[in-house]
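Colleague: One structure coming up, written as structure tokens, with questions to follow.
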There are 2 protein chains.
Amino acid sequence: MITKTEIVSKIGEVIRELRLERNLSQEEFADQCSIHRTYLGCIERGEKVVTINTLKKITDALGLTLTQFFKITESHK
Amino acid sequence: MITKTEIVSKIGEVIRELRLERNLSQEEFADQCSIHRTYLGCIERGEKVVTINTLKKITDALGLTLTQFFKITESHK
């Protein structure tokens with residue numbers, strides 16, 4: 001049972017979109033982030049409340065700072 | 001046992017600084033964030049890896065967006 005807040009859903013959607021823009025499968029991208037593919041899937045679907053350490057791994061793999069990532073996320077519809 | 005990464009430590013330091021700028025005790029600020037005072041203490045000392053839901057409560061209470069918060073955090077020495 002997680003608290004599926006708006007921010008959790010948005011973060012998941014934005015991660016998925018940025019991954020797809022880079023033409024990466026969940027498996028390839030999860031490897032780059034050093035997280036498990038099924039865990040990445042949960043995050044993308046907003047089923048897991050991501051910690052800041054995991055999000056930092058993801059934004060590093062995307063080549064973005066956390067500031068850049070949240071700028072995209074907070075302006076995301 | 002947590003992974004005390006640089007980002008976790010920095011986030012804690014920045015939260016503490018922003019709270020003190022507002023002249024709030026841990027107890028007062030924790031109440032405003034709807035989190036427990038001892039949990040806030042752990043976050044400020046970098047002893048807890050904060051989730052994005054908790055961080056959102058904290059930045060809301062500070063009157064900052066996540067983007068603004070990370071801009072401060074990532075430029076913090």
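Letters for chains follow the order of the structure tokens (A, B, ...), residue numbers begin at 1 for each chain, and ligand numbers begin at 1 in the order shown.
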I'd like the neighbourhood of Glu6 (chain B) as a PyMOL selection string, where a residue qualifies if any of its atoms comes within 12 Å (using only C-alpha atoms), though same-chain residues fewer than 6 positions away should be ignored.
Modeller: (chain A and resi 52-53+56) or (chain B and resi 12-13+45-47+49+73-74+76-77)
Colleague: Mind writing the picked residues with C-alpha atoms as a PDB file, in the first residue's frame?
Modeller:
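The resulting file, out-v7.pdb, is shown below:
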ATOM      1  CA  ILE A  52      16.173  10.482  -3.263  1.00  0.00           C
ATOM      2  CA  ASN A  53      19.116   8.072  -3.623  1.00  0.00           C
ATOM      3  CA  LYS A  56      19.707  10.519  -8.098  1.00  0.00           C
TER       4      LYS A  56
ATOM      5  CA  GLY B  12      19.512  17.470   5.385  1.00  0.00           C
ATOM      6  CA  GLU B  13      21.818  20.464   5.766  1.00  0.00           C
ATOM      7  CA  ARG B  45      21.341  14.816  10.062  1.00  0.00           C
ATOM      8  CA  GLY B  46      21.368  12.775   6.841  1.00  0.00           C
ATOM      9  CA  GLU B  47      20.487   9.602   8.749  1.00  0.00           C
ATOM     10  CA  VAL B  49      17.052   8.604   2.967  1.00  0.00           C
ATOM     11  CA  THR B  73      20.736  22.103  -2.661  1.00  0.00           C
ATOM     12  CA  GLU B  74      22.846  21.510  -5.763  1.00  0.00           C
ATOM     13  CA  HIS B  76      25.155  24.274  -1.638  1.00  0.00           C
ATOM     14  CA  LYS B  77      28.787  23.872  -0.490  1.00  0.00           C
TER      15      LYS B  77
END
Colleague: In region 19-55 of chain A, what's alpha helix (DSSP H) per DSSP? Answer as a list in words?
Modeller: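 These are the residues in question: Arg19, Leu20, Glu21, Gln26, Glu27, Glu28, Phe29, Ala30, Asp31, Gln32, Cys33, Arg37, Thr38, Tyr39, Leu40, Gly41, Cys42, Ile43, Glu44, Ile52, Asn53, Thr54 and Leu55 of chain A.
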Colleague: Show me which bits of chain B are within 9 Å of chain A, counting only C-alpha atoms, as a PyMOL selection string.
Modeller: chain B and resi 3-5+7-8+49-53+55-56+65-74
Colleague: Would you pick out the contacts of Tyr39 (chain B) at 9 Å or less, using only C-alpha atoms, so that residues sharing its chain but fewer than 4 positions from it are not included, and give the list as JSON, numbers by chain?
Modeller: {"B": [30, 35, 43, 44, 48]}
Colleague: Please produce an output containing N, CA and C atoms for each residue in the selection, written as a PDB file, in the first residue's frame.
Modeller:
ATOM      1  N   ALA B  30       8.257  20.374  11.974  1.00  0.00           N
ATOM      2  CA  ALA B  30       7.752  19.016  11.735  1.00  0.00           C
ATOM      3  C   ALA B  30       6.219  19.015  11.705  1.00  0.00           C
ATOM      4  N   ILE B  35       5.061  15.620   9.651  1.00  0.00           N
ATOM      5  CA  ILE B  35       5.940  14.473   9.879  1.00  0.00           C
ATOM      6  C   ILE B  35       6.373  14.517  11.351  1.00  0.00           C
ATOM      7  N   ILE B  43      16.347  13.196   9.191  1.00  0.00           N
ATOM      8  CA  ILE B  43      16.524  13.717   7.822  1.00  0.00           C
ATOM      9  C   ILE B  43      17.551  14.845   7.834  1.00  0.00           C
ATOM     10  N   GLU B  44      17.430  15.756   8.785  1.00  0.00           N
ATOM     11  CA  GLU B  44      18.365  16.896   8.849  1.00  0.00           C
ATOM     12  C   GLU B  44      19.802  16.425   9.063  1.00  0.00           C
ATOM     13  N   LYS B  48      18.470   9.510   7.401  1.00  0.00           N
ATOM     14  CA  LYS B  48      17.352   8.842   6.720  1.00  0.00           C
ATOM     15  C   LYS B  48      17.371   9.276   5.264  1.00  0.00           C
TER      16      LYS B  48
END
Colleague: In Å, with one decimal, what is the gap from CA of Ile58 (chain B) to CA of Ser75 (chain B)?
Modeller: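 Rounded to one decimal, the two atoms are 18.9 Å apart.
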